[in-house]
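Shown next: run_8.pdb, given as PDB, C-alpha atoms and all ligand atoms.
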```pdb
ATOM      1  CA  MET A   1      16.315  15.281  -7.872
ATOM      2  CA  SER A   2      20.130  15.293  -7.772
ATOM      3  CA  THR A   3      22.224  12.313  -6.672
ATOM      4  CA  THR A   4      23.655  14.236  -3.722
ATOM      5  CA  GLY A   5      20.102  14.955  -2.591
ATOM      6  CA  ILE A   6      19.281  11.261  -2.617
ATOM      7  CA  SER A   7      22.266  10.212  -0.526
ATOM      8  CA  GLU A   8      21.704  13.125   1.840
ATOM      9  CA  TRP A   9      18.199  12.108   2.969
ATOM     10  CA  LYS A  10      19.492   8.615   3.721
ATOM     11  CA  GLN A  11      21.808  10.068   6.365
ATOM     12  CA  ARG A  12      19.012  11.833   8.201
ATOM     13  CA  ALA A  13      16.224  10.618  10.504
ATOM     14  CA  PRO A  14      13.791   9.004   9.891
ATOM     15  CA  TYR A  15      15.753   7.301   7.045
ATOM     16  CA  ARG A  16      19.136   6.996   8.726
ATOM     17  CA  VAL A  17      19.806   3.288   9.338
ATOM     18  CA  HIS A  18      20.791   2.603  12.941
ATOM     19  CA  GLU A  19      23.729   0.307  13.513
ATOM     20  CA  THR A  20      23.868  -2.419  16.147
ATOM     21  CA  GLY A  21      25.146  -1.010  19.387
ATOM     22  CA  ASP A  22      24.072   2.606  18.808
ATOM     23  CA  GLY A  23      21.419   2.383  21.517
ATOM     24  CA  PHE A  24      18.371   1.718  19.349
ATOM     25  CA  ASN A  25      16.224  -0.705  21.379
ATOM     26  CA  VAL A  26      13.743  -2.585  19.210
ATOM     27  CA  ARG A  27      10.280  -2.507  20.781
ATOM     28  CA  TYR A  28       8.098  -3.182  17.698
ATOM     29  CA  GLU A  29       8.506  -4.444  14.157
ATOM     30  CA  ALA A  30       6.420  -3.528  11.134
ATOM     31  CA  ASN A  31       6.204  -4.136   7.426
ATOM     32  CA  CYS A  32       4.247  -3.153   4.332
ATOM     33  CA  HIS A  33       1.962  -5.632   2.571
ATOM     34  CA  CYS A  34       4.614  -7.046   0.198
ATOM     35  CA  GLY A  35       7.335  -7.026   2.867
ATOM     36  CA  LYS A  36       9.897  -5.005   0.869
ATOM     37  CA  VAL A  37       9.694  -2.188   3.427
ATOM     38  CA  LYS A  38      10.406  -3.192   7.018
ATOM     39  CA  TYR A  39      10.972  -1.001  10.039
ATOM     40  CA  GLN A  40      11.494  -1.132  13.793
ATOM     41  CA  LEU A  41      10.342   1.215  16.528
ATOM     42  CA  SER A  42      12.123   1.988  19.781
ATOM     43  CA  ARG A  43       9.358   3.928  21.576
ATOM     44  CA  GLN A  44       6.847   1.896  23.577
ATOM     45  CA  GLU A  45       3.961   4.361  23.466
ATOM     46  CA  PRO A  46       3.198   6.711  20.572
ATOM     47  CA  LEU A  47       3.171  10.440  21.396
ATOM     48  CA  ASP A  48      -0.430  10.397  20.189
ATOM     49  CA  SER A  49      -2.841   8.135  18.343
ATOM     50  CA  LYS A  50      -5.656   9.626  16.275
ATOM     51  CA  LEU A  51      -8.338   8.840  13.745
ATOM     52  CA  CYS A  52      -8.465  11.434  10.964
ATOM     53  CA  HIS A  53     -11.634  11.896   8.926
ATOM     54  CA  CYS A  54     -10.349  14.625   6.567
ATOM     55  CA  THR A  55     -11.137  14.198   2.883
ATOM     56  CA  THR A  56      -7.420  14.019   1.983
ATOM     57  CA  CYS A  57      -6.981  10.988   4.270
ATOM     58  CA  GLN A  58     -10.182   9.478   2.872
ATOM     59  CA  THR A  59      -8.799   9.717  -0.668
ATOM     60  CA  GLN A  60      -5.181   8.821   0.151
ATOM     61  CA  HIS A  61      -6.164   5.712   2.106
ATOM     62  CA  ALA A  62      -9.312   4.870   0.105
ATOM     63  CA  ALA A  63     -11.001   4.434   3.473
ATOM     64  CA  PRO A  64     -13.617   6.274   5.577
ATOM     65  CA  PHE A  65     -10.853   7.514   7.929
ATOM     66  CA  GLN A  66      -7.161   7.131   8.729
ATOM     67  CA  TRP A  67      -5.552   5.740  11.906
ATOM     68  CA  ALA A  68      -2.202   7.387  12.669
ATOM     69  CA  ALA A  69       0.246   7.207  15.576
ATOM     70  CA  ILE A  70       2.733  10.025  16.113
ATOM     71  CA  PHE A  71       6.435   9.350  16.731
ATOM     72  CA  HIS A  72       9.711  11.244  16.736
ATOM     73  CA  LYS A  73      11.842  10.763  13.627
ATOM     74  CA  ASP A  74      14.519   9.105  15.772
ATOM     75  CA  ASP A  75      12.085   6.433  17.003
ATOM     76  CA  ILE A  76      12.118   4.565  13.672
ATOM     77  CA  ASN A  77      14.706   2.371  11.984
ATOM     78  CA  PHE A  78      14.159   1.119   8.422
ATOM     79  CA  THR A  79      15.806  -2.297   8.338
ATOM     80  CA  ASN A  80      14.854  -3.179   4.800
ATOM     81  CA  GLY A  81      13.952  -1.399   1.613
ATOM     82  CA  HIS A  82      14.085   2.231   2.572
ATOM     83  CA  HIS A  83      15.205   2.674  -1.034
ATOM     84  CA  ASN A  84      11.828   1.118  -1.950
ATOM     85  CA  LEU A  85      10.011   4.192  -0.693
ATOM     86  CA  GLU A  86       8.205   6.748  -2.796
ATOM     87  CA  TRP A  87       6.981  10.184  -1.853
ATOM     88  CA  TYR A  88       3.981  12.326  -2.549
ATOM     89  CA  ASP A  89       3.566  15.956  -1.603
ATOM     90  CA  PRO A  90      -0.209  16.507  -1.278
ATOM     91  CA  THR A  91       0.130  20.313  -1.229
ATOM     92  CA  GLU A  92       2.034  20.568  -4.530
ATOM     93  CA  LYS A  93       0.591  17.303  -5.872
ATOM     94  CA  SER A  94       4.157  16.341  -6.799
ATOM     95  CA  ILE A  95       6.337  13.284  -6.129
ATOM     96  CA  GLU A  96       9.252  15.348  -4.789
ATOM     97  CA  HIS A  97      10.587  14.673  -1.298
ATOM     98  CA  LYS A  98       9.320  17.929   0.193
ATOM     99  CA  LEU A  99       7.972  18.099   3.735
ATOM    100  CA  PRO A 100       5.287  17.420   4.776
ATOM    101  CA  CYS A 101       4.846  14.418   2.496
ATOM    102  CA  LYS A 102       3.225  11.006   2.203
ATOM    103  CA  VAL A 103       5.507   7.979   2.086
ATOM    104  CA  ARG A 104       4.547   4.675   0.447
ATOM    105  CA  CYS A 105       6.107   1.381  -0.562
ATOM    106  CA  SER A 106       7.016   1.824  -4.235
ATOM    107  CA  TYR A 107       6.187  -1.822  -4.935
ATOM    108  CA  CYS A 108       2.865  -2.608  -3.158
ATOM    109  CA  HIS A 109       1.959   1.052  -2.495
ATOM    110  CA  SER A 110       1.006   0.469   1.152
ATOM    111  CA  PRO A 111       1.022   3.818   2.944
ATOM    112  CA  ILE A 112       4.057   3.758   5.290
ATOM    113  CA  MET A 113       3.903   7.142   6.984
ATOM    114  CA  ASP A 114       3.268  10.856   6.717
ATOM    115  CA  GLU A 115       6.587  12.640   7.207
ATOM    116  CA  GLY A 116       6.168  16.052   8.809
ATOM    117  CA  ARG A 117       8.838  18.636   9.498
ATOM    118  CA  ASN A 118       9.503  17.382  13.038
ATOM    119  CA  MET A 119       7.391  14.270  13.537
ATOM    120  CA  ILE A 120       6.251  11.196  11.640
ATOM    121  CA  LEU A 121       2.720   9.784  11.545
ATOM    122  CA  LEU A 122       2.833   6.016  11.294
ATOM    123  CA  PHE A 123      -0.036   3.703  10.421
ATOM    124  CA  PRO A 124      -0.431   1.196  13.278
ATOM    125  CA  SER A 125      -2.099  -1.345  10.962
ATOM    126  CA  LEU A 126       1.443  -2.158   9.726
ATOM    127  CA  ILE A 127       2.901  -2.689  13.210
ATOM    128  CA  HIS A 128       2.926  -6.124  14.846
ATOM    129  CA  LEU A 129       1.127  -5.424  18.116
ATOM    130  CA  LYS A 130       1.397  -8.748  19.904
ATOM    131  CA  THR A 131      -0.093  -8.200  23.355
ATOM    132  CA  ASP A 132      -3.219  -6.482  24.710
ATOM    133  CA  GLN A 133      -0.903  -4.000  26.431
ATOM    134  CA  ASP A 134       0.745  -3.097  23.098
ATOM    135  CA  LYS A 135      -2.704  -2.628  21.543
ATOM    136  CA  ALA A 136      -3.717  -0.405  24.471
ATOM    137  CA  PHE A 137      -0.676   1.847  23.890
ATOM    138  CA  PHE A 138      -1.818   2.441  20.295
ATOM    139  CA  LYS A 139      -5.535   2.792  20.999
ATOM    140  CA  PRO A 140      -6.894   5.938  19.281
ATOM    141  CA  ARG A 141      -7.304   8.842  21.724
ATOM    142  CA  CYS A 142      -9.426  11.159  19.577
ATOM    143  CA  HIS A 143     -11.057  11.788  16.215
ATOM    144  CA  MET A 144     -10.077  14.787  14.112
ATOM    145  CA  PHE A 145     -11.735  16.477  11.129
ATOM    146  CA  TYR A 146     -14.880  14.712  12.354
ATOM    147  CA  GLY A 147     -16.854  17.452  10.573
ATOM    148  CA  GLN A 148     -15.795  15.823   7.269
ATOM    149  CA  ARG A 149     -16.738  12.278   8.260
ATOM    150  CA  VAL A 150     -18.592   9.840   6.019
ATOM    151  CA  MET A 151     -19.798   7.735   8.977
ATOM    152  CA  ASP A 152     -20.497   8.178  12.678
ATOM    153  CA  VAL A 153     -18.278   6.459  15.237
ATOM    154  CA  PRO A 154     -20.155   6.805  18.559
ATOM    155  CA  ASP A 155     -17.319   5.571  20.789
ATOM    156  CA  GLY A 156     -17.317   8.379  23.391
ATOM    157  CA  LEU A 157     -13.845   9.605  22.361
ATOM    158  CA  PRO A 158     -13.179  13.351  21.917
ATOM    159  CA  LYS A 159     -14.181  14.495  18.416
ATOM    160  CA  TRP A 160     -12.657  17.636  16.912
ATOM    161  CA  SER A 161     -14.502  19.280  14.034
ATOM    162  CA  GLY A 162     -11.097  20.099  12.441
ATOM    163  CA  LEU A 163      -7.533  19.997  13.806
ATOM    164  CA  SER A 164      -7.229  18.585  17.342
ATOM    165  CA  ASN A 165      -7.078  21.233  20.089
ATOM    166  CA  GLU A 166      -7.674  23.968  17.504
ATOM    167  CA  SER A 167     -11.307  23.435  16.527
ATOM    168  CA  ASP A 168     -14.560  22.549  18.282
ATOM    169  CA  LEU A 169     -15.393  19.399  20.213
ATOM    170  CA  ILE A 170     -18.550  17.999  18.637
ATOM    171  CA  GLU A 171     -21.024  15.084  18.730
ATOM    172  CA  ASP A 172     -20.501  12.596  21.601
ATOM    173  CA  SER A 173     -17.235  14.123  22.912
ATOM    174  CA  PRO A 174     -16.881  13.679  26.716
ATOM    175  CA  PRO A 175     -18.972  16.523  28.295
ATOM    176  CA  ASN A 176     -16.347  17.340  30.978
ATOM    177  CA  MET A 177     -13.725  17.781  28.250
ATOM    178  CA  VAL A 178     -16.027  20.063  26.257
ATOM    179  CA  LYS A 179     -16.617  22.175  29.388
ATOM    180  CA  GLU A 180     -12.906  22.364  30.217
ATOM    181  CA  PHE A 181     -12.034  23.326  26.629
ATOM    182  CA  GLU A 182     -14.701  26.082  26.623
ATOM    183  CA  ARG A 183     -13.330  27.403  29.943
ATOM    184  CA  LYS A 184      -9.778  27.554  28.525
ATOM    185  CA  ARG A 185     -10.986  29.303  25.389
ATOM    186  CA  GLU A 186     -12.886  31.909  27.400
ATOM    187  CA  GLU A 187      -9.750  32.504  29.489
ATOM    188  CA  GLU A 188      -7.666  33.006  26.335
ATOM    189  CA  ARG A 189     -10.272  35.397  24.907
ATOM    190  CA  LYS A 190     -10.150  37.462  28.120
ATOM    191  CA  THR A 191      -6.331  37.575  28.179
ATOM    192  CA  LYS A 192      -6.266  38.660  24.524
ATOM    193  CA  PHE A 193      -8.937  41.299  25.165
ATOM    194  CA  GLU A 194      -7.077  42.697  28.211
ATOM    195  CA  LYS A 195      -3.787  42.765  26.292
ATOM    196  CA  GLY A 196      -5.529  44.622  23.469
ATOM    197  CA  GLN A 197      -6.870  47.232  25.901
ATOM    198  CA  ASN A 198      -3.454  47.862  27.453
ATOM    199  CA  GLN A 199      -1.784  48.653  24.170
TER
HETATM  200 ZN    ZN B 201       5.453  -3.158  -0.087
HETATM  201 ZN    ZN B 202      -6.550  13.601   7.572
END
```

Could you rewrite the structure in this file as structure tokens?
Amino acid sequence: MSTTGISEWKQRAPYRVHETGDGFNVRYEANCHCGKVKYQLSRQEPLDSKLCHCTTCQTQHAAPFQWAAIFHKDDINFTNGHHNLEWYDPTEKSIEHKLPCKVRCSYCHSPIMDEGRNMILLFPSLIHLKTDQDKAFFKPRCHMFYGQRVMDVPDGLPKWSGLSNESDLIEDSPPNMVKEFERKREEERKTKFEKGQNQ
């Protein structure tokens, strides 16, 4: 990687360091295990919070599943050690900074986030959630890639066999949600079929 490349990513979200007075309101603070990487969040409630059971997450986190909360890249501010980050591109199996990629602390190797093209997936286990209300904001809303699970989690939450909203709702997913999803799918099938006939 060239030197210009390195300085360039530092100017862009999510790595751009916010300065005092630029409107970044600190709502949460977080750090990796060793404390070299520290960040702040300005958004109160994640855009989504999910448990992912895919085999990549199982391997990457050495855990039965991964807990991730979705944020915009502008919602985060690395206050310490963003030069202590290392990247991993799971598609190419390379350590280049190519999106989407996995981001870790280069010292203690705690997973920090998955950086996508538009969003970041943060790991709430690193965030200091102080009140019950904060914990409620981050509470997982669904399971995804539940078809690849190593253990059952019968918690009544929606469970997608693969990607959320793009696969099937399985196991103990809420029955009314399953029904509604089937209805929507049938509607889409009909629209597609009618469009096909008109061409
Ligand atoms: Zn660390
Ligand atoms: Zn996954």

Find the nearest atom pair between each residue of chain A and ligand ZN 202 (chain B) for residues within 10 Å, count all atoms listed in the file, give distances in Å to one decimal, sort rows by chain and ascending number, and present the table as JSON lines.
```
{"residue": "A:Lys50", "atom": "CA", "partner": "B:ZN202", "partner_atom": "ZN", "distance": 9.6}
{"residue": "A:Leu51", "atom": "CA", "partner": "B:ZN202", "partner_atom": "ZN", "distance": 8.0}
{"residue": "A:Cys52", "atom": "CA", "partner": "B:ZN202", "partner_atom": "ZN", "distance": 4.5}
{"residue": "A:His53", "atom": "CA", "partner": "B:ZN202", "partner_atom": "ZN", "distance": 5.5}
{"residue": "A:Cys54", "atom": "CA", "partner": "B:ZN202", "partner_atom": "ZN", "distance": 4.1}
{"residue": "A:Thr55", "atom": "CA", "partner": "B:ZN202", "partner_atom": "ZN", "distance": 6.6}
{"residue": "A:Thr56", "atom": "CA", "partner": "B:ZN202", "partner_atom": "ZN", "distance": 5.7}
{"residue": "A:Cys57", "atom": "CA", "partner": "B:ZN202", "partner_atom": "ZN", "distance": 4.2}
{"residue": "A:Gln58", "atom": "CA", "partner": "B:ZN202", "partner_atom": "ZN", "distance": 7.2}
{"residue": "A:Thr59", "atom": "CA", "partner": "B:ZN202", "partner_atom": "ZN", "distance": 9.4}
{"residue": "A:Gln60", "atom": "CA", "partner": "B:ZN202", "partner_atom": "ZN", "distance": 8.9}
{"residue": "A:His61", "atom": "CA", "partner": "B:ZN202", "partner_atom": "ZN", "distance": 9.6}
{"residue": "A:Phe65", "atom": "CA", "partner": "B:ZN202", "partner_atom": "ZN", "distance": 7.5}
{"residue": "A:Gln66", "atom": "CA", "partner": "B:ZN202", "partner_atom": "ZN", "distance": 6.6}
{"residue": "A:Trp67", "atom": "CA", "partner": "B:ZN202", "partner_atom": "ZN", "distance": 9.0}
{"residue": "A:Ala68", "atom": "CA", "partner": "B:ZN202", "partner_atom": "ZN", "distance": 9.1}
{"residue": "A:His143", "atom": "CA", "partner": "B:ZN202", "partner_atom": "ZN", "distance": 9.9}
{"residue": "A:Met144", "atom": "CA", "partner": "B:ZN202", "partner_atom": "ZN", "distance": 7.5}
{"residue": "A:Phe145", "atom": "CA", "partner": "B:ZN202", "partner_atom": "ZN", "distance": 6.9}
{"residue": "A:Tyr146", "atom": "CA", "partner": "B:ZN202", "partner_atom": "ZN", "distance": 9.7}
{"residue": "A:Gln148", "atom": "CA", "partner": "B:ZN202", "partner_atom": "ZN", "distance": 9.5}
{"residue": "A:Gly162", "atom": "CA", "partner": "B:ZN202", "partner_atom": "ZN", "distance": 9.3}
{"residue": "A:Leu163", "atom": "CA", "partner": "B:ZN202", "partner_atom": "ZN", "distance": 9.0}
```

Against ligand ZN 201 (chain B), which residues of chain A fall within 9 Å? For each one I want the closest pair of atoms and the distance in Å (one decimal), counting only C-alpha atoms and all ligand atoms, rows by chain and increasing residue number, as a tab-separated table.
```
residue	atom	partner	partner_atom	distance
A:Asn31	CA	B:ZN201	ZN	7.6
A:Cys32	CA	B:ZN201	ZN	4.6
A:His33	CA	B:ZN201	ZN	5.0
A:Cys34	CA	B:ZN201	ZN	4.0
A:Gly35	CA	B:ZN201	ZN	5.2
A:Lys36	CA	B:ZN201	ZN	4.9
A:Val37	CA	B:ZN201	ZN	5.6
A:Lys38	CA	B:ZN201	ZN	8.7
A:Gly81	CA	B:ZN201	ZN	8.8
A:Asn84	CA	B:ZN201	ZN	7.9
A:Leu85	CA	B:ZN201	ZN	8.7
A:Arg104	CA	B:ZN201	ZN	7.9
A:Cys105	CA	B:ZN201	ZN	4.6
A:Ser106	CA	B:ZN201	ZN	6.7
A:Tyr107	CA	B:ZN201	ZN	5.1
A:Cys108	CA	B:ZN201	ZN	4.1
A:His109	CA	B:ZN201	ZN	6.0
A:Ser110	CA	B:ZN201	ZN	5.9
A:Pro111	CA	B:ZN201	ZN	8.8
A:Ile112	CA	B:ZN201	ZN	8.9
```

### Query
With only C-alpha atoms as the atoms that count, which of A:Lys10, A:Lys159, A:Lys98, A:Lys184 lies nearest to Asp172 in chain A?
A:Lys159

### Task
Using all atoms listed in the file, determine which residues lie at most 7 Å from Val26 in chain A, disregarding the query and same-chain residues fewer than 2 positions distant; provide the list as a PyMOL selection string.
chain A and resi 24+28+40-42

### Task
Convert the output of the PyMOL selection byres (((chain A and resi 121) around 12) and not hetatm) on the shown file into explicit residues, formatted as a PyMOL selection string.
chain A and resi 14+46-52+66-73+75-76+100-103+111-120+122-124

For the structure shown, which residues end up in the PyMOL selection byres (((chain A and resi 88) around 8) and not hetatm)? Put them as a PDB file with C-alpha atoms, in the coordinates of the input, please?
```
ATOM      1  CA  GLU A  86       8.205   6.748  -2.796  1.00  0.00           C
ATOM      2  CA  TRP A  87       6.981  10.184  -1.853  1.00  0.00           C
ATOM      3  CA  ASP A  89       3.566  15.956  -1.603  1.00  0.00           C
ATOM      4  CA  PRO A  90      -0.209  16.507  -1.278  1.00  0.00           C
ATOM      5  CA  LYS A  93       0.591  17.303  -5.872  1.00  0.00           C
ATOM      6  CA  SER A  94       4.157  16.341  -6.799  1.00  0.00           C
ATOM      7  CA  ILE A  95       6.337  13.284  -6.129  1.00  0.00           C
ATOM      8  CA  GLU A  96       9.252  15.348  -4.789  1.00  0.00           C
ATOM      9  CA  HIS A  97      10.587  14.673  -1.298  1.00  0.00           C
ATOM     10  CA  CYS A 101       4.846  14.418   2.496  1.00  0.00           C
ATOM     11  CA  LYS A 102       3.225  11.006   2.203  1.00  0.00           C
ATOM     12  CA  VAL A 103       5.507   7.979   2.086  1.00  0.00           C
TER      13      VAL A 103
END
```

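Of the listed residues (A:Gly147, A:Thr79, A:Lys135, A:Glu188), A:Thr79 comes nearest to Tyr39 in chain A; the distances count all atoms listed in the file.
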
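Residues selected in this file by the PyMOL selection byres (((chain A and resi 155) around 10) and not hetatm) comprise Cys142, His143, Asp152, Val153, Pro154, Gly156, Leu157, Pro158, Lys159, Asp172 and Ser173 of chain A.
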
Expected file: the selected residues, C-alpha atoms, as a CSV table (one decimal), in the frame of the given file:
```csv
chain,number,residue,atom,x,y,z
A,142,CYS,CA,-9.4,11.2,19.6
A,143,HIS,CA,-11.1,11.8,16.2
A,152,ASP,CA,-20.5,8.2,12.7
A,153,VAL,CA,-18.3,6.5,15.2
A,154,PRO,CA,-20.2,6.8,18.6
A,156,GLY,CA,-17.3,8.4,23.4
A,157,LEU,CA,-13.8,9.6,22.4
A,158,PRO,CA,-13.2,13.4,21.9
A,159,LYS,CA,-14.2,14.5,18.4
A,172,ASP,CA,-20.5,12.6,21.6
A,173,SER,CA,-17.2,14.1,22.9
```

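For the pair CA of Val150 in chain A and CA of Ala63 in chain A, the interatomic distance is 9.7 Å.
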
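The closest residue to Trp9 in chain A, picked from A:Leu99, A:Glu182, A:Asp132, A:Gly196 and counting all atoms listed in the file, is A:Leu99.
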
### Message
Could you tell me how far CA of Glu186 in chain A sits from CA of Asn165 in chain A, in Å to one decimal place?
### Response
14.2 Å

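A straight line drawn from CA of Asp74 in chain A to CA of Glu8 in chain A is 16.2 Å long.
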
With all atoms of range 42-52 of chain A from the file as input, state the centre and edge lengths in Å to one decimal of the axis-aligned box that has 3 Å extra on each side, as JSON.
```
{"center_x": 1.8, "center_y": 6.7, "center_z": 17.3, "size_x": 26.6, "size_y": 15.5, "size_z": 18.6}
```

## Note on the structure
One residue among A:Gln197, A:Asn77, A:Glu45, A:Ala136 is nearest to Asp22 in chain A when using all atoms listed in the file, and that residue is A:Asn77
